[in-house]
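Pasting model_6.cif here (mmCIF, C-alpha atoms and all ligand atoms):
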data_upload
#
loop_
_atom_site.label_atom_id
_atom_site.label_comp_id
_atom_site.auth_asym_id
_atom_site.auth_seq_id
_atom_site.Cartn_x
_atom_site.Cartn_y
_atom_site.Cartn_z
CA LYS A 1141 -8.57 13.52 -22.08
CA LEU A 1142 -8.74 16.65 -19.99
CA GLY A 1143 -12.34 17.10 -21.09
CA ALA A 1144 -13.30 13.67 -19.77
CA ALA A 1145 -16.03 13.56 -17.16
CA PRO A 1146 -14.68 13.11 -13.63
CA LYS A 1147 -14.34 9.51 -12.46
CA THR A 1148 -13.85 8.22 -16.02
CA ILE A 1149 -11.26 5.51 -16.60
CA LEU A 1150 -8.71 6.93 -19.06
CA GLU A 1151 -6.26 4.04 -19.14
CA LYS A 1152 -6.32 0.43 -18.08
CA ILE A 1153 -3.16 -1.67 -17.82
CA GLU A 1154 -3.22 -5.38 -16.91
CA LEU A 1155 -0.15 -5.56 -14.67
CA ALA A 1156 -0.33 -9.27 -13.87
CA GLU A 1157 -3.03 -11.88 -13.52
CA GLY A 1158 -5.85 -10.34 -11.47
CA ILE A 1159 -3.96 -7.05 -10.92
CA VAL A 1160 -5.03 -3.98 -12.91
CA GLU A 1161 -3.76 -0.40 -12.96
CA PHE A 1162 -6.35 2.27 -13.71
CA ILE A 1163 -5.68 5.90 -14.60
CA VAL A 1164 -8.81 7.78 -13.59
CA HIS A 1165 -9.82 11.39 -14.20
CA ALA A 1166 -10.36 13.02 -10.79
CA PRO A 1167 -8.86 16.53 -10.92
CA HIS A 1168 -9.91 17.80 -7.49
CA ILE A 1169 -8.47 14.79 -5.69
CA ALA A 1170 -5.32 14.82 -7.83
CA ARG A 1171 -4.65 18.44 -6.85
CA ALA A 1172 -5.06 17.76 -3.12
CA ALA A 1173 -3.43 14.29 -2.86
CA ARG A 1174 -0.48 13.66 -0.57
CA ALA A 1175 1.65 10.53 -0.16
CA GLY A 1176 0.09 7.88 2.06
CA GLN A 1177 -3.52 8.94 1.55
CA PHE A 1178 -6.32 6.84 0.10
CA VAL A 1179 -9.59 7.28 -1.78
CA ARG A 1180 -12.90 5.54 -1.38
CA VAL A 1181 -14.29 4.27 -4.66
CA LEU A 1182 -17.96 3.58 -5.26
CA PRO A 1183 -17.70 1.54 -8.46
CA TRP A 1184 -21.39 1.68 -9.37
CA ALA A 1185 -24.66 2.78 -7.74
CA ASN A 1186 -25.48 0.63 -4.69
CA GLY A 1187 -22.04 -0.98 -4.96
CA GLU A 1188 -19.56 -1.70 -2.21
CA LEU A 1189 -17.26 1.14 -1.15
CA ILE A 1190 -13.66 0.13 -1.82
CA PRO A 1191 -10.78 1.92 -0.07
CA LEU A 1192 -7.69 2.18 -2.28
CA THR A 1193 -4.43 3.80 -1.24
CA LEU A 1194 -3.22 6.15 -3.97
CA ALA A 1195 -0.56 4.56 -6.14
CA ASP A 1196 0.17 7.85 -7.90
CA TRP A 1197 -1.47 11.03 -9.17
CA ASP A 1198 -0.81 13.83 -11.63
CA ALA A 1199 -2.09 17.20 -10.45
CA GLU A 1200 -1.58 18.79 -13.89
CA LYS A 1201 -3.42 16.13 -15.85
CA GLY A 1202 -5.95 15.70 -13.06
CA THR A 1203 -5.51 11.94 -12.88
CA LEU A 1204 -5.16 9.27 -10.20
CA CYS A 1205 -3.42 5.93 -10.50
CA LEU A 1206 -5.21 3.14 -8.67
CA VAL A 1207 -4.12 -0.50 -8.61
CA VAL A 1208 -6.78 -3.09 -7.92
CA GLN A 1209 -6.26 -6.77 -7.14
CA GLY A 1210 -9.34 -8.81 -7.93
CA LEU A 1211 -9.91 -10.80 -4.76
CA GLY A 1212 -13.55 -10.21 -3.82
CA SER A 1213 -16.57 -9.96 -6.11
CA SER A 1214 -16.45 -6.11 -6.21
CA SER A 1215 -12.74 -5.84 -6.97
CA MET A 1216 -13.05 -8.59 -9.59
CA ALA A 1217 -15.93 -6.71 -11.22
CA ILE A 1218 -13.97 -3.42 -11.09
CA ASN A 1219 -11.16 -5.13 -12.94
CA ARG A 1220 -13.58 -5.89 -15.76
CA MET A 1221 -14.36 -2.19 -16.23
CA GLN A 1222 -12.96 -0.66 -19.40
CA VAL A 1223 -11.51 2.63 -20.63
CA GLY A 1224 -14.41 5.07 -20.99
CA ASP A 1225 -16.39 3.53 -18.13
CA ALA A 1226 -16.82 5.76 -15.09
CA PHE A 1227 -16.98 4.99 -11.39
CA ALA A 1228 -20.15 6.18 -9.66
CA GLY A 1229 -18.11 8.05 -7.07
CA ILE A 1230 -14.61 8.67 -5.74
CA ALA A 1231 -14.16 10.44 -2.40
CA GLY A 1232 -10.84 11.72 -1.14
CA PRO A 1233 -8.09 12.21 -0.52
CA LEU A 1234 -8.73 10.54 2.85
CA GLY A 1235 -6.58 9.61 5.81
CA ARG A 1236 -3.51 11.28 7.21
CA PRO A 1237 -0.58 11.81 4.84
CA SER A 1238 2.69 10.06 5.63
CA VAL A 1239 4.89 11.83 8.14
CA LEU A 1240 8.31 12.39 6.62
CA HIS A 1241 11.54 13.14 8.45
CA ALA A 1242 14.73 14.31 6.80
CA TYR A 1243 17.29 11.61 7.62
CA GLY A 1244 19.76 12.41 4.86
CA THR A 1245 21.87 9.73 3.20
CA GLY A 1246 23.73 8.48 6.28
CA GLU A 1247 20.67 6.43 7.26
CA THR A 1248 18.13 4.52 5.19
CA VAL A 1249 14.36 4.21 5.29
CA VAL A 1250 13.42 0.59 4.55
CA PHE A 1251 10.15 -0.18 2.79
CA THR A 1252 8.83 -3.73 2.82
CA ALA A 1253 6.09 -4.23 0.25
CA GLY A 1254 4.21 -7.45 -0.42
CA GLY A 1255 2.45 -7.95 -3.78
CA VAL A 1256 0.00 -5.09 -4.33
CA GLY A 1257 1.60 -3.34 -1.35
CA LEU A 1258 4.10 -2.02 -3.92
CA PRO A 1259 1.77 0.60 -5.50
CA PRO A 1260 0.90 2.36 -2.20
CA VAL A 1261 4.57 2.25 -1.17
CA TYR A 1262 5.64 3.97 -4.40
CA PRO A 1263 4.54 7.60 -3.74
CA ILE A 1264 5.76 7.48 -0.11
CA MET A 1265 9.18 6.28 -1.26
CA ARG A 1266 9.27 9.00 -3.88
CA GLU A 1267 8.62 11.66 -1.22
CA HIS A 1268 11.49 10.34 0.88
CA LEU A 1269 13.77 10.43 -2.16
CA ARG A 1270 12.67 13.98 -2.97
CA ALA A 1271 13.46 14.93 0.62
CA GLY A 1272 17.02 13.63 0.09
CA ASN A 1273 16.64 10.44 2.16
CA HIS A 1274 18.22 7.15 1.20
CA VAL A 1275 15.64 4.41 0.64
CA THR A 1276 15.88 0.62 0.59
CA LEU A 1277 12.95 -1.18 -1.01
CA ILE A 1278 12.36 -4.87 -0.28
CA ALA A 1279 9.48 -5.93 -2.53
CA GLY A 1280 8.12 -9.46 -2.33
CA PHE A 1281 6.02 -11.35 -4.86
CA ARG A 1282 4.53 -14.84 -4.70
CA ASN A 1283 6.26 -15.77 -7.98
CA ASP A 1284 7.59 -14.19 -11.16
CA SER A 1285 4.20 -14.30 -12.91
CA LEU A 1286 2.93 -11.63 -10.49
CA LEU A 1287 5.73 -9.10 -11.05
CA PHE A 1288 4.97 -5.55 -12.10
CA TRP A 1289 6.70 -2.12 -12.10
CA THR A 1290 10.08 -3.87 -11.68
CA ARG A 1291 11.66 -3.40 -15.14
CA GLY A 1292 14.14 -0.60 -15.78
CA ASP A 1293 11.61 1.35 -17.86
CA GLU A 1294 8.83 0.98 -15.27
CA ARG A 1295 8.14 3.00 -12.14
CA ILE A 1296 10.71 1.57 -9.73
CA GLY A 1297 13.45 1.51 -12.38
CA LYS A 1298 12.65 5.11 -13.34
CA LEU A 1299 12.89 6.20 -9.72
CA GLN A 1300 16.35 4.62 -9.49
CA GLN A 1301 17.43 6.53 -12.61
CA ARG A 1302 16.03 9.78 -11.30
CA TYR A 1303 17.68 9.47 -7.88
CA PRO A 1304 20.98 7.71 -8.62
CA GLY A 1305 22.54 6.04 -5.61
CA LEU A 1306 19.61 6.86 -3.36
CA LEU A 1307 17.38 3.82 -3.94
CA ASP A 1308 18.51 0.23 -3.29
CA VAL A 1309 16.05 -2.44 -4.39
CA ILE A 1310 15.86 -6.08 -3.29
CA TYR A 1311 13.21 -8.36 -4.78
CA THR A 1312 12.03 -11.60 -3.19
CA SER A 1313 9.71 -14.34 -4.38
CA ASN A 1314 8.26 -17.15 -2.33
CA ASP A 1315 9.40 -19.81 -4.80
CA GLY A 1316 12.72 -18.25 -5.83
CA SER A 1317 11.55 -17.62 -9.41
CA TYR A 1318 12.67 -13.98 -9.11
CA GLY A 1319 15.18 -12.31 -6.81
CA VAL A 1320 15.92 -13.75 -3.39
CA LYS A 1321 13.96 -16.90 -2.50
CA GLY A 1322 11.67 -16.47 0.50
CA PHE A 1323 9.86 -13.61 2.16
CA VAL A 1324 10.69 -9.92 2.61
CA THR A 1325 11.64 -10.65 6.21
CA GLY A 1326 14.77 -12.54 5.02
CA PRO A 1327 16.66 -9.56 3.52
CA LEU A 1328 15.19 -7.30 6.23
CA GLU A 1329 16.70 -9.45 8.95
CA GLU A 1330 20.08 -9.38 7.19
CA LEU A 1331 19.97 -5.57 7.13
CA LEU A 1332 18.97 -5.45 10.79
CA LYS A 1333 21.77 -7.86 11.78
CA ALA A 1334 24.32 -5.88 9.78
CA ASN A 1335 23.14 -2.73 11.54
CA ARG A 1336 23.57 -4.34 14.91
CA GLN A 1337 27.11 -5.27 13.96
CA GLY A 1338 27.76 -1.69 12.96
CA SER A 1339 27.90 -2.20 9.20
CA GLY A 1340 25.66 -0.83 6.47
CA ARG A 1341 23.55 2.31 6.66
CA GLU A 1342 21.68 2.67 9.92
CA ILE A 1343 17.97 1.95 9.49
CA ALA A 1344 16.06 5.11 10.43
CA GLU A 1345 12.64 3.48 10.17
CA VAL A 1346 10.77 0.69 8.42
CA VAL A 1347 7.51 1.16 6.52
CA THR A 1348 5.49 -1.95 5.71
CA ILE A 1349 2.54 -2.35 3.36
CA GLY A 1350 1.09 -5.64 2.19
CA PRO A 1351 -0.74 -8.72 3.40
CA PRO A 1352 -1.57 -8.49 7.14
CA LEU A 1353 0.50 -11.57 8.04
CA MET A 1354 3.53 -10.10 6.30
CA MET A 1355 3.12 -6.77 8.11
CA ARG A 1356 2.88 -8.59 11.40
CA ALA A 1357 6.00 -10.64 10.68
CA VAL A 1358 7.89 -7.44 9.80
CA CYS A 1359 6.72 -5.70 12.99
CA ASP A 1360 7.63 -8.71 15.17
CA LEU A 1361 11.10 -8.76 13.64
CA THR A 1362 11.84 -5.03 13.91
CA ARG A 1363 10.52 -4.95 17.48
CA THR A 1364 13.31 -7.30 18.54
CA TYR A 1365 15.83 -4.89 17.00
CA GLY A 1366 14.13 -1.79 18.39
CA VAL A 1367 13.62 -0.16 14.96
CA LYS A 1368 10.60 2.11 14.56
CA THR A 1369 8.07 0.60 12.14
CA VAL A 1370 5.00 2.05 10.51
CA ALA A 1371 2.30 -0.22 9.04
CA SER A 1372 0.04 1.27 6.39
CA LEU A 1373 -3.21 -0.63 6.83
CA ASN A 1374 -5.62 -1.62 4.11
CA SER A 1375 -8.39 -2.42 6.58
CA ILE A 1376 -11.94 -3.26 5.67
CA MET A 1377 -13.82 0.04 5.56
CA VAL A 1378 -17.47 0.99 5.31
CA ASP A 1379 -18.08 4.70 5.92
CA ALA A 1380 -14.44 5.91 6.13
CA THR A 1381 -15.49 8.64 8.56
CA GLY A 1382 -14.60 7.02 11.88
CA MET A 1383 -18.26 6.29 12.70
CA CYS A 1384 -18.96 2.67 11.73
CA GLY A 1385 -16.03 0.93 13.45
CA ALA A 1386 -15.37 -1.49 10.56
CA CYS A 1387 -11.71 -0.44 10.28
CA MET A 1388 -11.00 -0.52 14.02
CA VAL A 1389 -7.36 -1.21 14.95
CA PRO A 1390 -6.69 -2.37 18.54
CA VAL A 1391 -3.61 -0.54 19.76
CA ASN A 1392 -1.73 -0.91 23.07
CA ILE A 1393 -0.76 2.42 24.58
CA ASP A 1394 0.90 2.35 28.01
CA GLY A 1395 -0.70 -1.02 28.76
CA ARG A 1396 -4.18 0.15 27.80
CA LEU A 1397 -6.06 -1.14 24.77
CA VAL A 1398 -7.14 1.82 22.65
CA ARG A 1399 -9.32 1.72 19.55
CA LYS A 1400 -7.84 3.52 16.58
CA HIS A 1401 -9.51 3.71 13.20
CA ALA A 1402 -7.50 3.18 10.03
CA CYS A 1403 -9.73 5.58 8.09
CA ILE A 1404 -9.15 8.67 10.23
CA ASP A 1405 -6.17 7.84 12.48
CA GLY A 1406 -4.33 6.03 9.65
CA PRO A 1407 -3.82 4.44 7.30
CA GLU A 1408 -0.35 4.57 8.89
CA ILE A 1409 -0.19 3.24 12.45
CA ASP A 1410 2.83 2.47 14.63
CA GLY A 1411 3.22 -1.24 13.92
CA HIS A 1412 4.70 -2.01 17.35
CA LEU A 1413 1.61 -0.68 19.13
CA ILE A 1414 -0.91 -2.75 17.13
CA ASP A 1415 -2.33 -5.76 18.99
CA TRP A 1416 -1.93 -8.10 16.02
CA ASP A 1417 -3.58 -11.08 17.78
CA LYS A 1418 -6.79 -9.10 18.07
CA PHE A 1419 -6.38 -7.24 14.78
CA LEU A 1420 -5.74 -10.07 12.30
CA PRO A 1421 -9.10 -11.87 12.72
CA ARG A 1422 -10.83 -8.60 11.75
CA PHE A 1423 -9.67 -9.11 8.15
CA ASN A 1424 -11.95 -12.17 7.98
CA GLN A 1425 -14.98 -10.52 9.58
CA PHE A 1426 -16.96 -10.52 6.33
CA SER A 1427 -15.49 -13.61 4.63
CA ALA A 1428 -18.76 -15.60 4.73
CA GLN A 1429 -20.63 -12.70 3.06
CA GLU A 1430 -17.79 -12.33 0.55
CA GLN A 1431 -17.96 -15.99 -0.45
CA ALA A 1432 -21.74 -15.74 -0.83
CA SER A 1433 -21.37 -12.58 -2.93
CA LYS A 1434 -18.82 -14.26 -5.21
CA ARG A 1435 -21.17 -17.19 -5.74
CA ARG A 1436 -24.06 -14.80 -6.45
CA HIS A 1437 -22.06 -12.94 -9.07
CA GLY A 1438 -20.66 -16.09 -10.66
CA PHE A 1439 -16.98 -15.56 -9.77
FE1 LIG B 1 -15.93 3.14 9.46
FE2 LIG B 1 -13.32 3.58 9.60
S1 LIG B 1 -14.43 2.77 7.96
S2 LIG B 1 -14.81 3.79 11.14
#
Can you dump the structure from the file as structure tokens?
Amino acid sequence: KLGAAPKTILEKIELAEGIVEFIVHAPHIARAARAGQFVRVLPWANGELIPLTLADWDAEKGTLCLVVQGLGSSSMAINRMQVGDAFAGIAGPLGRPSVLHAYGTGETVVFTAGGVGLPPVYPIMREHLRAGNHVTLIAGFRNDSLLFWTRGDERIGKLQQRYPGLLDVIYTSNDGSYGVKGFVTGPLEELLKANRQGSGREIAEVVTIGPPLMMRAVCDLTRTYGVKTVASLNSIMVDATGMCGACMVPVNIDGRLVRKHACIDGPEIDGHLIDWDKFLPRFNQFSAQEQASKRRHGF
């Protein structure tokens, strides 16, 4: 495997319907990667550049773990690629690494992950655990058919075994088919309320990764409790160099609207500063082209 050409897919695991984990040979990126960073994948010549936050990496083996949800025509086509196929290009690691503080075990860092927000959350959580912080993961899925990494012998379970007593996990599903019925904001609000009443570990910060509406709901909730919240944004990106403006994030700083860019200022941005009313429509900026592309490619 170590002799494989860079960018070759070494393993492919179907995690759930439409969600695929790829292990890709990319030794230079694997050696330099830090938690919270992303790569830009060019699946094939003249293809669309896809930003993917690193789900994991192995510096020794020279591999990256990337999880792709087939939503648009490019991601659906990527998910049809097989072991032995190679991407045309992978650039990275890109973006600023997560900023970690040592809180110890008296406080907890709460991660709220929605669906395929779980893979990018994983390495950031692991870094907090390595640093000796207590972590609470609230991971939400639409229903139990979309679960992955949740069994005892999978990544989250293994983390719990490796750091006993340091990682609490709460699962939610929209329909109640797994874990707590409802959204990640339900258990989060319970933790926040308990905090306010002086019980439970104090929440040092909240990190949220997932669908934009979920991240907004989490930020709105934590704002009312005054708890610092970081949103890791999976914005639409084109050049990933801060030049094209595709990933622009409108941010309010001291009453002024400032343009940040997820590709160079993020992907992590203070969720309470984001102007979500202006930001959310940006996720649909290319939806007409996306629908046309899907039709063209027969998806
Ligand atoms: Fe172009 Fe960020 S992707 S500015």
Minimum-distance residue to ligand LIG 1 (chain B), chosen among A:Asp1417, A:Glu1151, A:Asp1225, A:Asp1379 (using all atoms listed in the file): A:Asp1379
Closest of A:Leu1189, A:Ala1172, A:Val1208, A:Leu1277 to ligand LIG 1 (chain B) - atom-to-atom distances counting only C-alpha atoms and all ligand atoms: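 Closest residue, counting only C-alpha atoms and all ligand atoms: A:Leu1189.
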At most 6 Å is the cut-off: for each residue in chain A with any atom that close to an atom of ligand LIG 1 (chain B), write down the nearest atom pair and the distance in Å rounded to one decimal, counting all atoms listed in the file, chain first then increasing number, as CSV.
residue,atom,partner,partner_atom,distance
A:Met1377,CA,B:LIG1,S1,3.7
A:Val1378,CA,B:LIG1,S1,4.4
A:Asp1379,CA,B:LIG1,FE1,4.4
A:Ala1380,CA,B:LIG1,S1,3.6
A:Thr1381,CA,B:LIG1,S2,5.5
A:Gly1382,CA,B:LIG1,S2,3.3
A:Met1383,CA,B:LIG1,S2,4.5
A:Cys1384,CA,B:LIG1,FE1,3.8
A:Gly1385,CA,B:LIG1,S2,3.9
A:Ala1386,CA,B:LIG1,FE1,4.8
A:Cys1387,CA,B:LIG1,FE2,4.4
A:His1401,CA,B:LIG1,FE2,5.2
A:Ala1402,CA,B:LIG1,FE2,5.8
A:Cys1403,CA,B:LIG1,FE2,4.4
Pick from A:Asp1360, A:Asp1284, A:Asp1415, A:Glu1345, whichever lies nearest to Leu1240 of chain A using all atoms listed in the file: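 Counting all atoms listed in the file, the residue closest to Leu1240 of chain A is A:Glu1345.
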Of the residues A:Met1216, A:Val1320, A:Leu1155, A:Leu1206, which is the one nearest to Pro1263 of chain A, using all atoms listed in the file? A:Leu1206
Mind pulling up the distance from atom CA of Thr1193 of chain A to atom CA of Met1388 of chain A? 17.2 Å
Which residues come within 10 Å of Ile1296 of chain A, counting all atoms listed in the file, excluding same-chain residues fewer than 4 positions away, as a list in words? Leu1258, Pro1259, Tyr1262, Met1265, Arg1266, Leu1277, Phe1288, Trp1289, Thr1290, Arg1291, Gly1292, Gln1300, Gln1301, Arg1302, Leu1307 and Val1309 of chain A
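Atom pair atom CA of Lys1147 of chain A / atom CA of Ile1163 of chain A has a distance of 9.6 Å (rounded to one decimal).
Contact shell of Val1391 of chain A at 7 Å (only C-alpha atoms; same-chain neighbours under 2 positions omitted): Val1389, Ile1393, Leu1397, Val1398, Arg1399, Lys1400, Leu1413, Ile1414 and Asp1415 of chain A.
From atom CA of Ile1278 of chain A back to atom CA of Gly1232 of chain A, the distance works out to 28.5 Å.
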Do a neighbour search on Gly1280 of chain A at 12 Å with all atoms listed in the file, toss out local chain neighbours closer than 5 positions, and write the hits as a ChimeraX atom specification. /A:1251-1258,1286-1288,1290,1309-1328,1348-1351,1354-1355
Within 7 Å of Thr1245 of chain A, counting only C-alpha atoms, which residues show up once you throw out same-chain ones fewer than 2 positions away? Write them as a list in words, please. Tyr1243, Glu1247, Thr1248, Gly1272, Asn1273 and His1274 of chain A
Which polymer residues have any atom within 9 Å of an atom of Trp1416 of chain A, counting all atoms listed in the file, with same-chain residues fewer than 5 positions away left out, as a VMD selection string? chain A and resid 1352 1356 1389 to 1391 1411 1421
Identify which of the residues A:Ile1153, A:Val1367, A:Ala1166, A:Ala1231 lies closest to Val1179 of chain A, counting all atoms listed in the file when measuring atom-to-atom distances.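 Between A:Ile1153, A:Val1367, A:Ala1166, A:Ala1231, the residue approaching Val1179 of chain A most closely is A:Ala1231.
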Have a look at A:Ala1371, A:Ala1185, A:Tyr1365, A:His1165 and name the one nearest to Gln1337 of chain A; count all atoms listed in the file.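 Using all atoms listed in the file, Gln1337 of chain A sits closest to A:Tyr1365.
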